[in-house]
$ cat query_13.tsv   # TSV, C-alpha atoms
chain	number	residue	atom	x	y	z
A	16	MET	CA	-122.07	83.66	103.85
A	17	VAL	CA	-119.81	80.83	102.97
A	18	THR	CA	-118.77	80.56	99.36
A	19	ALA	CA	-117.67	77.35	97.82
A	20	VAL	CA	-114.06	77.20	96.89
A	21	GLN	CA	-113.58	75.87	93.40
A	22	PRO	CA	-110.73	73.35	93.21
A	23	LEU	CA	-107.82	74.36	91.08
A	24	PRO	CA	-107.57	72.46	87.83
A	25	ARG	CA	-104.94	69.80	87.83
A	26	ALA	CA	-101.85	70.57	85.87
A	27	THR	CA	-101.76	68.51	82.75
A	28	ALA	CA	-98.52	67.13	81.46
A	29	ARG	CA	-97.17	69.26	78.69
A	30	PRO	CA	-96.14	67.52	75.54
A	31	PRO	CA	-92.45	67.86	74.82
A	32	ARG	CA	-91.56	71.01	72.95
A	33	VAL	CA	-89.91	70.63	69.55
A	34	PRO	CA	-90.58	66.88	69.45
A	35	ALA	CA	-88.94	66.57	66.02
A	36	VAL	CA	-85.45	66.86	67.55
A	37	ARG	CA	-85.93	64.52	70.49
A	38	HIS	CA	-84.17	61.65	68.74
A	39	LEU	CA	-81.66	63.79	66.84
A	40	GLY	CA	-78.38	62.31	68.05
A	41	PRO	CA	-74.79	63.48	67.62
A	42	ASN	CA	-74.35	60.95	64.81
A	43	TRP	CA	-76.05	63.43	62.50
A	44	TYR	CA	-72.86	65.49	62.38
A	45	ALA	CA	-71.51	62.75	60.11
A	46	THR	CA	-73.59	64.31	57.33
A	47	VAL	CA	-71.57	67.52	57.68
A	48	MET	CA	-68.26	65.67	57.73
A	49	GLY	CA	-69.14	63.63	54.67
A	50	THR	CA	-70.28	66.67	52.72
A	51	ALA	CA	-67.30	68.85	53.62
A	52	ILE	CA	-64.77	66.17	52.62
A	53	VAL	CA	-66.32	65.97	49.14
A	54	ALA	CA	-65.45	69.64	48.68
A	55	THR	CA	-61.95	69.62	50.17
A	56	ALA	CA	-60.85	66.37	48.53
A	57	GLY	CA	-62.23	67.43	45.17
A	58	ALA	CA	-60.40	70.76	45.25
A	59	ALA	CA	-57.00	69.03	45.56
A	60	LEU	CA	-57.45	66.32	42.95
A	61	PRO	CA	-54.44	65.76	40.68
A	62	ALA	CA	-54.51	65.86	36.88
A	63	PRO	CA	-56.45	65.03	34.78
A	64	LEU	CA	-59.50	65.78	36.97
A	65	SER	CA	-58.01	69.00	38.33
A	66	GLY	CA	-58.39	70.59	34.91
A	67	ILE	CA	-62.12	69.94	34.56
A	68	PRO	CA	-63.84	73.31	34.05
A	69	GLY	CA	-66.08	74.28	36.91
A	70	LEU	CA	-64.86	71.54	39.27
A	71	ARG	CA	-63.49	73.97	41.84
A	72	THR	CA	-66.66	76.08	41.67
A	73	LEU	CA	-68.74	72.97	42.25
A	74	CYS	CA	-66.56	72.02	45.22
A	75	ALA	CA	-67.00	75.52	46.65
A	76	ALA	CA	-70.78	75.14	46.33
A	77	VAL	CA	-70.63	71.81	48.16
A	78	TRP	CA	-68.59	73.46	50.93
A	79	VAL	CA	-71.23	76.20	51.29
A	80	PHE	CA	-73.85	73.48	51.62
A	81	SER	CA	-71.79	71.79	54.35
A	82	PHE	CA	-71.49	75.12	56.19
A	83	LEU	CA	-75.25	75.67	56.07
A	84	LEU	CA	-75.84	72.08	57.13
A	85	LEU	CA	-73.53	72.60	60.11
A	86	ALA	CA	-75.39	75.74	61.14
A	87	VAL	CA	-78.76	73.96	60.97
A	88	LEU	CA	-77.53	70.99	62.96
A	89	LEU	CA	-75.93	73.15	65.65
A	90	CYS	CA	-79.26	74.92	66.14
A	91	ALA	CA	-81.21	71.67	66.13
A	92	ARG	CA	-78.85	70.06	68.63
A	93	ALA	CA	-79.08	73.14	70.85
A	94	LEU	CA	-82.87	72.72	70.87
A	95	HIS	CA	-82.34	69.06	71.68
A	96	TRP	CA	-80.29	69.94	74.77
A	97	VAL	CA	-82.70	72.67	75.89
A	98	HIS	CA	-85.98	70.78	75.49
A	99	HIS	CA	-84.90	67.12	75.77
A	100	ARG	CA	-82.18	67.06	78.40
A	101	ASP	CA	-83.28	63.65	79.59
A	102	GLN	CA	-82.64	62.21	76.16
A	103	ALA	CA	-79.35	64.10	75.83
A	104	ARG	CA	-78.13	62.66	79.14
A	105	ALA	CA	-79.28	59.22	78.05
A	106	HIS	CA	-77.13	59.58	74.94
A	107	LEU	CA	-74.07	60.34	77.05
A	108	LEU	CA	-74.70	57.28	79.19
A	109	ASP	CA	-75.30	55.02	76.20
A	110	PRO	CA	-72.03	53.37	75.07
A	111	ALA	CA	-73.46	52.99	71.58
A	112	VAL	CA	-74.19	56.72	71.20
A	113	ALA	CA	-71.63	58.58	73.34
A	114	PRO	CA	-68.69	58.00	70.93
A	115	PHE	CA	-70.56	59.95	68.26
A	116	TYR	CA	-69.79	63.16	70.16
A	117	GLY	CA	-66.47	62.99	68.36
A	118	CYS	CA	-68.44	63.74	65.18
A	119	LEU	CA	-69.25	67.23	66.48
A	120	ALA	CA	-65.57	68.09	66.69
A	121	MET	CA	-64.80	66.62	63.28
A	122	ALA	CA	-67.73	68.45	61.68
A	123	LEU	CA	-66.45	71.79	63.00
A	124	LEU	CA	-62.93	71.01	61.84
A	125	ALA	CA	-63.97	69.75	58.40
A	126	VAL	CA	-65.99	72.85	57.61
A	127	GLY	CA	-63.24	75.10	58.97
A	128	GLY	CA	-60.57	73.38	56.89
A	129	GLY	CA	-62.80	73.58	53.84
A	130	ALA	CA	-63.08	77.34	54.30
A	131	LEU	CA	-59.34	77.73	53.64
A	132	THR	CA	-59.13	74.98	51.04
A	133	VAL	CA	-61.96	76.03	48.76
A	134	GLY	CA	-64.41	78.29	50.60
A	135	ARG	CA	-62.09	81.28	50.29
A	136	ASP	CA	-63.03	81.46	46.61
A	137	TRP	CA	-66.49	82.67	47.66
A	138	ILE	CA	-65.99	84.40	51.01
A	139	GLY	CA	-62.45	85.77	50.60
A	140	THR	CA	-59.21	84.79	52.26
A	141	ASP	CA	-59.57	87.02	55.33
A	142	ALA	CA	-63.03	85.70	56.15
A	143	ALA	CA	-61.88	82.13	55.47
A	144	VAL	CA	-58.94	82.48	57.85
A	145	ALA	CA	-61.14	83.96	60.57
A	146	LEU	CA	-63.79	81.27	60.13
A	147	ASP	CA	-61.23	78.47	60.13
A	148	ALA	CA	-59.52	79.88	63.22
A	149	VAL	CA	-62.80	79.88	65.14
A	150	LEU	CA	-63.92	76.43	63.98
A	151	PHE	CA	-60.46	74.91	64.40
A	152	THR	CA	-60.20	76.18	67.97
A	153	ALA	CA	-63.71	75.02	68.86
A	154	GLY	CA	-63.29	71.69	67.12
A	155	THR	CA	-59.95	70.99	68.76
A	156	VAL	CA	-61.28	71.78	72.24
A	157	VAL	CA	-64.38	69.63	71.70
A	158	GLY	CA	-62.27	66.86	70.17
A	159	LEU	CA	-59.86	66.72	73.09
A	160	ALA	CA	-62.76	66.79	75.53
A	161	ALA	CA	-64.42	63.89	73.71
A	162	ALA	CA	-61.14	61.97	73.53
A	163	VAL	CA	-60.95	62.12	77.34
A	164	ALA	CA	-64.59	62.15	78.44
A	165	VAL	CA	-65.97	59.33	76.29
A	166	PRO	CA	-63.31	56.73	77.23
A	167	TYR	CA	-63.67	57.89	80.84
A	168	LEU	CA	-67.43	57.29	80.74
A	169	MET	CA	-66.86	53.92	79.11
A	170	ALA	CA	-64.47	53.00	81.91
A	171	VAL	CA	-66.44	54.20	84.94
A	172	ARG	CA	-70.12	54.56	83.92
A	173	HIS	CA	-70.85	52.46	80.87
A	174	ARG	CA	-71.06	48.73	81.23
A	175	VAL	CA	-69.51	47.33	78.09
A	176	GLU	CA	-68.45	43.82	77.21
A	177	PRO	CA	-65.74	42.81	74.73
A	178	HIS	CA	-68.37	41.54	72.27
A	179	GLN	CA	-69.86	45.05	72.13
A	180	ALA	CA	-66.74	46.61	70.61
A	181	THR	CA	-67.41	48.32	67.28
A	182	PRO	CA	-65.44	50.76	65.08
A	183	VAL	CA	-67.67	53.52	66.52
A	184	TRP	CA	-65.36	53.44	69.55
A	185	LEU	CA	-62.68	55.02	67.35
A	186	LEU	CA	-64.62	58.25	66.77
A	187	PRO	CA	-63.56	60.16	69.92
A	188	VAL	CA	-59.87	59.34	69.52
A	189	VAL	CA	-59.84	60.15	65.79
A	190	ALA	CA	-61.04	63.74	66.33
A	191	PRO	CA	-57.59	65.05	67.41
A	192	MET	CA	-56.12	63.55	64.22
A	193	VAL	CA	-58.48	65.73	62.18
A	194	SER	CA	-57.13	68.74	64.10
A	195	ALA	CA	-53.59	67.56	63.38
A	196	ALA	CA	-54.33	67.28	59.66
A	197	LEU	CA	-56.12	70.62	59.26
A	198	GLY	CA	-54.21	72.79	61.73
A	199	PRO	CA	-51.18	73.22	59.43
A	200	LEU	CA	-53.42	75.08	56.96
A	201	LEU	CA	-53.43	78.00	59.40
A	202	VAL	CA	-49.66	78.06	59.93
A	203	PRO	CA	-48.82	80.41	57.00
A	204	TYR	CA	-51.30	82.98	58.31
A	205	LEU	CA	-49.67	83.26	61.75
A	206	PRO	CA	-46.74	85.55	62.59
A	207	ALA	CA	-43.42	83.96	61.70
A	208	GLY	CA	-41.43	82.42	64.53
A	209	GLN	CA	-42.84	81.08	67.76
A	210	ALA	CA	-46.50	81.22	66.73
A	211	GLN	CA	-46.04	79.16	63.58
A	212	GLU	CA	-43.73	76.64	65.22
A	213	ALA	CA	-46.02	76.25	68.23
A	214	LEU	CA	-49.04	75.50	66.04
A	215	LEU	CA	-47.13	73.04	63.87
A	216	LEU	CA	-45.63	71.14	66.80
A	217	GLY	CA	-48.95	71.31	68.62
A	218	CYS	CA	-50.51	69.54	65.64
A	219	VAL	CA	-47.74	66.94	65.85
A	220	GLY	CA	-48.72	66.42	69.49
A	221	LEU	CA	-52.37	65.98	68.47
A	222	PHE	CA	-51.18	63.47	65.89
A	223	GLY	CA	-49.55	61.46	68.68
A	224	VAL	CA	-52.61	61.65	70.93
A	225	SER	CA	-54.86	60.26	68.24
A	226	LEU	CA	-52.42	57.70	66.84
A	227	LEU	CA	-51.72	56.13	70.23
A	228	GLY	CA	-55.41	56.18	71.13
A	229	THR	CA	-56.23	54.44	67.85
A	230	LEU	CA	-53.56	51.82	68.46
A	231	LEU	CA	-55.24	51.04	71.79
A	232	MET	CA	-58.78	50.86	70.39
A	233	LEU	CA	-58.23	49.13	67.07
A	234	PRO	CA	-57.10	45.76	68.52
A	235	LEU	CA	-60.32	45.63	70.57
A	236	VAL	CA	-62.38	46.14	67.41
A	237	PHE	CA	-60.49	43.61	65.31
A	238	GLY	CA	-60.43	41.10	68.15
A	239	ARG	CA	-64.21	41.37	68.47
A	240	LEU	CA	-64.60	40.70	64.73
A	241	ILE	CA	-62.40	37.62	64.84
A	242	SER	CA	-63.86	36.14	68.02
A	243	GLY	CA	-67.45	37.37	67.81
A	244	GLY	CA	-68.22	37.20	64.12
A	245	PRO	CA	-69.70	39.85	61.81
A	246	LEU	CA	-71.27	42.99	63.18
A	247	PRO	CA	-75.06	43.41	63.18
A	248	LEU	CA	-76.26	44.41	59.72
A	249	ALA	CA	-76.97	48.05	60.58
A	250	LEU	CA	-73.48	48.47	62.05
A	251	THR	CA	-71.57	46.81	59.22
A	252	PRO	CA	-70.89	50.13	57.39
A	253	THR	CA	-69.02	51.35	60.49
A	254	LEU	CA	-66.14	49.11	59.45
A	255	PHE	CA	-65.23	51.94	57.09
A	256	LEU	CA	-64.56	54.14	60.12
A	257	VAL	CA	-61.21	52.38	60.53
A	258	LEU	CA	-60.10	54.13	57.34
A	259	GLY	CA	-60.48	57.49	59.12
A	260	PRO	CA	-57.37	57.43	61.31
A	261	LEU	CA	-55.38	55.76	58.52
A	262	GLY	CA	-56.17	58.26	55.79
A	263	GLN	CA	-56.24	61.25	58.11
A	264	SER	CA	-52.86	60.47	59.63
A	265	THR	CA	-51.36	60.16	56.14
A	266	THR	CA	-52.90	63.51	55.27
A	267	ALA	CA	-51.53	65.00	58.48
A	268	VAL	CA	-47.90	64.02	57.87
A	269	GLY	CA	-48.27	65.37	54.34
A	270	HIS	CA	-49.41	68.75	55.64
A	271	PHE	CA	-46.60	68.75	58.21
A	272	ALA	CA	-44.08	68.31	55.40
A	273	ASP	CA	-45.72	71.05	53.31
A	274	VAL	CA	-45.45	73.79	55.94
A	275	ALA	CA	-42.36	72.69	57.89
A	276	PRO	CA	-39.71	74.44	55.71
A	277	GLY	CA	-39.01	77.81	57.27
A	278	VAL	CA	-41.07	77.01	60.36
A	279	VAL	CA	-38.78	74.48	62.06
A	280	PRO	CA	-35.00	74.15	61.64
A	281	ALA	CA	-33.72	72.44	58.49
A	282	PRO	CA	-32.95	68.98	59.91
A	283	TYR	CA	-36.48	68.67	61.28
A	284	SER	CA	-38.18	70.10	58.21
A	285	ASP	CA	-36.37	67.55	56.05
A	286	GLY	CA	-37.42	64.86	58.51
A	287	PHE	CA	-41.09	65.70	58.03
A	288	GLY	CA	-40.68	65.09	54.30
A	289	ILE	CA	-39.09	61.71	54.99
A	290	LEU	CA	-41.80	60.87	57.54
A	291	GLU	CA	-44.51	61.49	54.96
A	292	VAL	CA	-43.16	58.75	52.71
A	293	VAL	CA	-41.89	56.33	55.35
A	294	TYR	CA	-45.12	56.52	57.36
A	295	GLY	CA	-47.70	57.37	54.70
A	296	VAL	CA	-46.95	54.68	52.12
A	297	PRO	CA	-47.28	51.63	54.44
A	298	VAL	CA	-50.28	53.10	56.22
A	299	MET	CA	-52.01	53.76	52.90
A	300	GLY	CA	-51.25	50.16	51.96
A	301	PHE	CA	-52.99	48.92	55.11
A	302	ALA	CA	-55.88	51.30	54.41
A	303	LEU	CA	-56.40	49.67	51.00
A	304	LEU	CA	-56.31	46.23	52.61
A	305	TRP	CA	-58.93	47.28	55.15
A	306	LEU	CA	-61.02	48.91	52.42
A	307	VAL	CA	-61.29	45.59	50.58
A	308	PHE	CA	-62.07	43.75	53.84
A	309	ALA	CA	-64.76	46.25	54.84
A	310	ALA	CA	-66.28	46.31	51.35
A	311	ALA	CA	-66.52	42.50	51.36
A	312	CYS	CA	-68.31	42.61	54.72
A	313	VAL	CA	-70.73	45.25	53.42
A	314	VAL	CA	-71.50	43.21	50.29
A	315	ARG	CA	-72.23	40.23	52.51
A	316	ALA	CA	-74.45	42.30	54.81
A	317	ARG	CA	-76.29	43.81	51.87
A	318	ARG	CA	-76.95	40.33	50.52
A	319	ASP	CA	-78.32	39.36	53.93
A	320	GLY	CA	-80.79	42.25	53.95
A	321	MET	CA	-78.92	45.32	55.22
A	322	ARG	CA	-81.04	48.44	54.67
A	323	PHE	CA	-80.21	52.11	54.83
A	324	ALA	CA	-79.33	53.59	58.20
A	325	MET	CA	-77.41	56.67	59.25
A	326	THR	CA	-74.36	54.42	59.56
A	327	TRP	CA	-74.13	54.59	55.75
A	328	TRP	CA	-72.45	57.99	56.21
A	329	ALA	CA	-69.41	55.99	57.33
A	330	PHE	CA	-68.84	55.40	53.61
A	331	THR	CA	-68.03	59.10	53.10
A	332	PHE	CA	-65.63	60.89	55.45
A	333	PRO	CA	-63.25	57.96	56.06
A	334	VAL	CA	-62.94	57.31	52.33
A	335	GLY	CA	-62.41	61.05	51.82
A	336	THR	CA	-59.46	61.02	54.20
A	337	CYS	CA	-57.88	58.29	52.08
A	338	VAL	CA	-58.39	60.53	49.04
A	339	THR	CA	-56.56	63.42	50.71
A	340	GLY	CA	-53.87	61.04	51.93
A	341	ALA	CA	-53.31	59.70	48.41
A	342	GLU	CA	-53.25	63.28	47.09
A	343	ALA	CA	-50.53	64.20	49.59
A	344	LEU	CA	-48.45	61.16	48.64
A	345	SER	CA	-48.82	61.91	44.93
A	346	ARG	CA	-47.48	65.44	45.46
A	347	ARG	CA	-44.56	64.21	47.55
A	348	THR	CA	-43.51	61.20	45.46
A	349	GLY	CA	-44.68	62.23	42.01
A	350	LEU	CA	-46.00	58.71	41.41
A	351	VAL	CA	-48.83	58.48	38.90
A	352	ALA	CA	-50.15	55.46	40.81
A	353	PHE	CA	-51.06	57.66	43.78
A	354	GLU	CA	-52.74	60.17	41.46
A	355	TRP	CA	-55.01	57.50	40.00
A	356	LEU	CA	-55.61	56.06	43.46
A	357	ALA	CA	-56.84	59.46	44.62
A	358	ILE	CA	-59.08	59.81	41.55
A	359	GLY	CA	-60.53	56.32	41.93
A	360	LEU	CA	-61.24	56.76	45.63
A	361	TYR	CA	-62.81	60.15	44.94
A	362	VAL	CA	-65.25	58.56	42.51
A	363	VAL	CA	-66.16	56.06	45.24
A	364	LEU	CA	-66.58	58.96	47.68
A	365	VAL	CA	-68.93	60.90	45.40
A	366	VAL	CA	-71.08	57.84	44.71
A	367	ALA	CA	-71.24	57.02	48.43
A	368	TRP	CA	-72.09	60.61	49.34
A	369	GLY	CA	-74.83	60.82	46.72
A	370	THR	CA	-76.37	57.55	47.86
A	371	ALA	CA	-76.29	58.49	51.55
A	372	ALA	CA	-77.62	61.99	50.87
A	373	VAL	CA	-80.57	60.77	48.78
A	374	CYS	CA	-81.51	58.08	51.29
A	375	THR	CA	-81.21	60.56	54.17
A	376	ALA	CA	-83.46	63.06	52.38
A	377	ARG	CA	-86.06	60.33	51.85
A	378	GLY	CA	-85.86	59.34	55.51
A	379	LEU	CA	-86.36	62.94	56.60
A	380	VAL	CA	-89.36	63.43	54.33
A	381	SER	CA	-90.98	60.23	55.56
A	382	GLY	CA	-90.08	61.01	59.18
A	383	ALA	CA	-88.50	57.60	59.70
A	384	LEU	CA	-85.04	58.92	60.59
A	385	LEU	CA	-86.31	61.22	63.34
A	386	ALA	CA	-88.68	58.69	64.85
A	387	GLY	CA	-87.95	56.95	68.11
A	388	PRO	CA	-86.00	53.70	68.14
A	389	ARG	CA	-87.98	50.58	67.40
A	390	PRO	CA	-88.16	47.79	69.97
A	391	ALA	CA	-85.42	45.26	69.40
A	392	ARG	CA	-86.56	42.19	67.53
A	393	VAL	CA	-85.63	38.97	69.21
A	394	GLY	CA	-84.70	36.27	66.79
A	395	PRO	CA	-81.98	33.91	65.78
A	396	ARG	CA	-80.21	36.62	63.75
A	397	SER	CA	-80.71	39.60	66.06
A	398	ALA	CA	-77.76	38.79	68.29
A	399	THR	CA	-74.23	39.96	67.73
A	400	GLY	CA	-72.92	36.45	67.34
A	401	ARG	CA	-71.86	34.77	64.16
A	402	THR	CA	-74.16	34.40	61.17
A	403	ARG	CA	-73.66	32.29	58.16

$ encode --input "query_13.tsv" --output "structure tokens"
Amino acid sequence: MVTAVQPLPRATARPPRVPAVRHLGPNWYATVMGTAIVATAGAALPAPLSGIPGLRTLCAAVWVFSFLLLAVLLCARALHWVHHRDQARAHLLDPAVAPFYGCLAMALLAVGGGALTVGRDWIGTDAAVALDAVLFTAGTVVGLAAAVAVPYLMAVRHRVEPHQATPVWLLPVVAPMVSAALGPLLVPYLPAGQAQEALLLGCVGLFGVSLLGTLLMLPLVFGRLISGGPLPLALTPTLFLVLGPLGQSTTAVGHFADVAPGVVPAPYSDGFGILEVVYGVPVMGFALLWLVFAAACVVRARRDGMRFAMTWWAFTFPVGTCVTGAEALSRRTGLVAFEWLAIGLYVVLVVAWGTAAVCTARGLVSGALLAGPRPARVGPRSATGRTR
């Protein structure tokens, strides 16, 4: 007796698992950076704000929120890589997205530095040192990898044209500067002698890596603005990213000068104090000039219809680095002008953070921020060329 063989059912395509994270890019780490800098910058504010009751406790609470936000994003991004590897690879090969991998390093570093700056009030000094050591090491390794890998991909895999240059290209090369600025916080907790000096001078080396990389990238960005006209509306807030290496490098030389005495020989420790003023003051001056330029461009873009996008988080961390830079200069010079500059910039930072946070929460609730990219609209104002 012959029995009929039933055909096997055809395998049906499985829908992607965890679809909510498919379009969760590395740019989301900017939310962690922007939140952590609110806590660390607020904890070091000069008088009269430093004496406000409860300010430090509030900053500690903001740091805890940034730590929890980092943990959630690390898990979500891990799911992204596990279940949506095709999209993750596409991000690496996209010259508009790949530079945002520098945000991962800076998020790790910002939360780690905040642990020692203000988080120790809640978790204790020993736990803060251990947490910062882990996050600083991981962030520095990731930052150096991004500083090499992303420009390498841009050179050999990406196909970019000069008119495509944006301040986003600065993100990978700025990450080592964040390590340089926050690494000195760990110096006092290392054994005296070789360990402390190695970490301090290693941070100076990271300072050089980032500074020279920025000096190579920044002319490309500025040249594109002059020759190609304003950036597309959604990218206009990224002009504030230029403030990152400026404010962070000023913060870095300030931290070098703070920990150098007793770590390096006297002539060099005195030199770090001189470097803070000689380097920090002119760089902070240029940062203020760029702040006005970028703000004018944003006002223009807003008038032309710029709406909220995740690029609005560029208003937070870069401005926060200028706050910490002004704080360092106020401690070194004793000038009241730098104190009020730090206070004024901090007010701008808090307003920018609150605006970006509220708009991001709305976008998450509506699902718009995690949806797939919309097809590009072709029109007279959709190109990257000049507009009125």

$ closest_atom_pairs --input "query_13.tsv" --of "stretch 284-314 of chain A" --to "stretch 251-270 of chain A" --cutoff "9 Å" --atoms "all atoms listed in the file" --output "Markdown table"
| residue | atom | partner | partner_atom | distance |
| --- | --- | --- | --- | --- |
| A:Phe287 | CA | A:Val268 | CA | 7.0 |
| A:Gly288 | CA | A:Gly269 | CA | 7.6 |
| A:Leu290 | CA | A:Val268 | CA | 6.9 |
| A:Glu291 | CA | A:Val268 | CA | 5.1 |
| A:Val292 | CA | A:Gly269 | CA | 8.5 |
| A:Tyr294 | CA | A:Thr265 | CA | 7.3 |
| A:Gly295 | CA | A:Thr265 | CA | 4.8 |
| A:Val296 | CA | A:Thr265 | CA | 8.1 |
| A:Val298 | CA | A:Leu261 | CA | 6.2 |
| A:Met299 | CA | A:Gly262 | CA | 6.8 |
| A:Phe301 | CA | A:Leu261 | CA | 8.0 |
| A:Ala302 | CA | A:Leu258 | CA | 5.9 |
| A:Leu303 | CA | A:Leu258 | CA | 8.6 |
| A:Trp305 | CA | A:Leu258 | CA | 7.3 |
| A:Leu306 | CA | A:Phe255 | CA | 7.0 |
| A:Phe308 | CA | A:Leu254 | CA | 8.8 |
| A:Ala309 | CA | A:Leu254 | CA | 5.6 |
| A:Ala310 | CA | A:Phe255 | CA | 8.1 |
| A:Cys312 | CA | A:Thr251 | CA | 7.0 |
| A:Val313 | CA | A:Thr251 | CA | 6.1 |

$ atom_distance --input "query_13.tsv" --atom1 "atom CA of A:Leu197" --atom2 "atom CA of A:Thr140"
16.1 Å

$ closest_residue --input "query_13.tsv" --among "A:Pro166, A:Gly154, A:Gly228, A:Gly208" --to "A:Gly277" --atoms "only C-alpha atoms"
A:Gly208

$ closest_residue --input "query_13.tsv" --among "A:Gly238, A:Pro282, A:Pro63, A:Pro34" --to "A:Trp355" --atoms "all atoms listed in the file"
A:Pro63

$ closest_residue --input "query_13.tsv" --among "A:Gly217, A:Gly49, A:Gly349, A:Pro110" --to "A:Ala164" --atoms "all atoms listed in the file"
A:Pro110

$ atom_distance --input "query_13.tsv" --atom1 "atom CA of A:Leu84" --atom2 "atom CA of A:Leu60"
23.9 Å

$ closest_residue --input "query_13.tsv" --among "A:Leu159, A:Val293, A:Leu200, A:Ala75" --to "A:Arg347" --atoms "all atoms listed in the file"
A:Val293

$ residues_around --input "query_13.tsv" --residues "A:Tyr44" --least-positions-apart "5" --cutoff "6 Å" --atoms "all atoms listed in the file" --output "PDB file with C-alpha atoms, in the frame of the given file"
ATOM      1  CA  CYS A 118     -68.440  63.740  65.180  1.00  0.00           C
ATOM      2  CA  LEU A 119     -69.250  67.230  66.480  1.00  0.00           C
ATOM      3  CA  ALA A 122     -67.730  68.450  61.680  1.00  0.00           C
TER       4      ALA A 122
END

$ closest_residue --input "query_13.tsv" --among "A:Ala343, A:Val149, A:Val36, A:Val163" --to "A:Phe271" --atoms "only C-alpha atoms"
A:Ala343

$ closest_residue --input "query_13.tsv" --among "A:Arg37, A:Cys218, A:Val79, A:Val363" --to "A:Val97" --atoms "all atoms listed in the file"
A:Arg37

$ atom_distance --input "query_13.tsv" --atom1 "atom CA of A:Trp78" --atom2 "atom CA of A:Ala51"
5.5 Å
